[in-house]
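K.L.:
Before we start, here is the structure in question, set down as structure tokens.
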Amino acid sequence: MKEYKRWVTMADVAERANVSMITVSRVIRTPDKVASETRARVQSAIKDLGYVPNEGAGDLSSQQNRTVGALIPTLTGSAFTSTIDGLSTRLRLAQHQLLFACTDYSSDKEEDFIATMLRRRPAGLVLTSATHTRETKALLDHCGIPVVEVWELPETSAHHAVGFSNHDAGFAMVKYLYELSYQRVGFIGNPLTSNRSLQRLYGYEAACRQYGNGQIRRISDNKQGPNNSKRGAQEFEALVAKWPDTDAVFCASDTLALGALSQAQRMGLSVPGDIAVAGFGDFEFSDEYGLDLTTVRVPGFQIGEFAAQLILNRDGVARHVPQRIDVGYEIVRRRTA
């Protein structure tokens with residue numbers, strides 16, 4: 001049972017540190033003008049209470065704020081575009097506004113953006129990651145507003161979650177490839193970018209063990225980097241060079257699949273005649289008018305709508321049980337496999 005408390009105030013910090021509110025304000029704005037012992041005591045109280053300065057003071061109270069903050073990893077590709085669309089559409093109907101930022105898959109940037117957003121006292125937060133730094137977890141635990149984590153379904157969480165099992169979706173796609181009589185399936189993608197990519201890799205590996213010969217075909221460079229079309233092309237070329245008899249590849253995103261398909265064409269390989277290619281996400285360019293790509297479809301717009309509703313539902317509710325909404329996924333067969 002999670003309780004949506006009021007915001008921690010400057011008065012709370014002053015009481016904890018046994019100083020005046022003016023002193024707390026000085027520590028925040030001009031710390032060099034406060035005695036070191038007093039400054040340390042106030043800073044300790046700020047950290048313990050999870051206090052975030054209210055930059056929106058004088059504009060809107062926390063009860064009146066109609067802004068919702070959202071963080072997405074990137075605008076490159078279109079993985080989260082439909083979710084942002086669904087989120088903003090539902091919020092707009094309720095006269096709420098959406099403010100979002102890109103983290104570039106960086107936990108440190110996420111921490112900075114969340115702290116910045118909380119200074120505006122938003123009505124809620126939507127995050128595309130369930131993995132956070134210790135400092136970010138502390139901010140979220142003390143913020144007293146609805147927090148919704150999307151595109152994942154963590155087993156345990158103090159916050160709402162709207163998404164699906166990336167592991168099961170990856171498993172289902174690779175199982176599907178084996179059912180189509182492909183026997184030597186490779187994996188393309190960097191699992192270090194996010195837990196979503198890692199879970200899709202785990203799903204691939206589990207399917208290979210259950211339906212194949214257990215051989216894992218993946219180019220592992222242990223380097224950070226985006227799952228873009230360049231990586232897809234490079235990993236496809238390296239994978240086929242290392243295992244020439246590979247007859248199918250599962251890409252952790254449709255953007256990676258775009259790179260793989262382009263590289264296959266440059267190498268003179270027929271898809272799916274010589275090698276099949278499957279992606280993940282069902283991006284706009286993946287349909288029959290674009291790549292005609294076999295892929296995993298995720299109801300991104302619906303994820304956004306559910307996330308918005310969970311935030312809007314907090315109005316007038318003092319206590320709220322974190323909800324876990326599984327939107328599922330769908331295997332979409334097209335020309336490439």
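Identifiers for the structure tokens are assigned positionally: chains receive A, B, ... in sequence, residues are indexed from 1 per chain, and ligands are indexed from 1 in the order shown.
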Please identify all polymer residues within 9 Å of Pro146 of chain A, counting only C-alpha atoms, omitting same-chain residues fewer than 5 positions from it, and present them as a PyMOL selection string.
P.N.:
chain A and resi 4+123-126+159-160+310-312+314+320+322
K.L.:
Within 8 Å of segment 39-52 of chain A, counting only C-alpha atoms, which residues show up once you throw out same-chain ones fewer than 4 positions away? Write them as a PyMOL selection string, please.
P.N.:
chain A and resi 8-10+13-14+16-17+19+24+27+31+34-35+115+118-119+138-139+142-143
K.L.:
Find the residue from A:Arg217, A:Arg333, A:Arg200, A:Arg184 that sits nearest to Ile275 of chain A; use only C-alpha atoms when measuring.
P.N.:
A:Arg184
K.L.:
Excluding Tyr178 of chain A and its own-chain neighbours fewer than 4 positions away, which residues fall within 9 Å of it when counting only C-alpha atoms? Please give them as a list of chain:residue names.
P.N.:
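The residues satisfying every condition are A:Met173, A:Val174, A:Tyr182, A:Gln183, A:Arg184, A:Val185, A:Ala207, A:Cys208, A:Tyr211, A:Gly212.
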K.L.:
Near segment 227-230 of chain A, within 10 Å and counting only C-alpha atoms, which residues show up once chain neighbours fewer than 3 positions away are dropped, as a VMD selection string?
P.N.:
chain A and resid 76 to 77 188 to 194 197 224 233 to 236 251 to 263
K.L.:
From the options A:Gly186, A:Pro154, A:Pro272, A:Gly300, which residue's atoms come nearest to Thr246 of chain A, counting only C-alpha atoms?
P.N.:
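Closest residue, counting only C-alpha atoms: A:Gly186.
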K.L.:
Name the residues of segment 36-154 of chain A that fall into strand (DSSP E or B) according to DSSP on the backbone, using the chain letters and numbers of this document, as an NGL selection string.
P.N.:
:A and (67-72 or 97-102 or 124-127 or 147-150)
K.L.:
Select, from A:Glu135, A:Glu179, A:Asp282, A:Asp326, the residue with the minimum atom-to-atom distance to Gln302 of chain A, counting only C-alpha atoms.
P.N.:
A:Asp326
K.L.:
Which one of A:Thr116, A:Asn65, A:Asn166, A:Ser106 sits closest to Arg297 of chain A if you count only C-alpha atoms?
P.N.:
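Under the stated criterion, the closest residue is A:Asn166.
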K.L.:
For Phe171 of chain A, which residue out of A:Thr133, A:Gln210, A:Gln265, A:Thr30 is the nearest one, using only C-alpha atoms?
P.N.:
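Of all the options, A:Gln210 lies closest to Phe171 of chain A.
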K.L.:
In segment 95-229 of chain A, what's alpha helix (DSSP H) per DSSP? Answer as number ranges by chain?
P.N.:
A: 107-118, 134-142, 166-179, 195-211, 229
K.L.:
Might you pull out every residue within 8 Å of Ala264 of chain A, with only C-alpha atoms counted and same-chain residues fewer than 6 positions away left off, and present them as a VMD selection string?
P.N.:
chain A and resid 236 to 237 270 to 271
K.L.:
Go ahead and compute the interatomic distance for atom CA of Cys102 of chain A and atom CA of Ile72 of chain A, in Å to one decimal.
P.N.:
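Between these atoms lies a distance of 5.0 Å.
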K.L.:
With a distance cut-off of 8 Å and only C-alpha atoms, select the neighbouring residues of Glu111 of chain A, excluding the residue or stretch itself and same-chain residues fewer than 2 positions from it, and output the selection as a count of residues only.
P.N.:
10
K.L.:
Go through A:Ala307, A:Val296, A:Val249, A:Ala79 one by one, measure the shortest atom-to-atom distance of each to Gln323 of chain A using only C-alpha atoms, and give the residue with the smallest value.
P.N.:
A:Ala307
K.L.:
Go ahead and compute the interatomic distance for atom CA of Gln97 of chain A and atom CA of Val68 of chain A, in Å to one decimal.
P.N.:
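If I compute the distance from atom CA of Gln97 of chain A to atom CA of Val68 of chain A, I get 6.2 Å.
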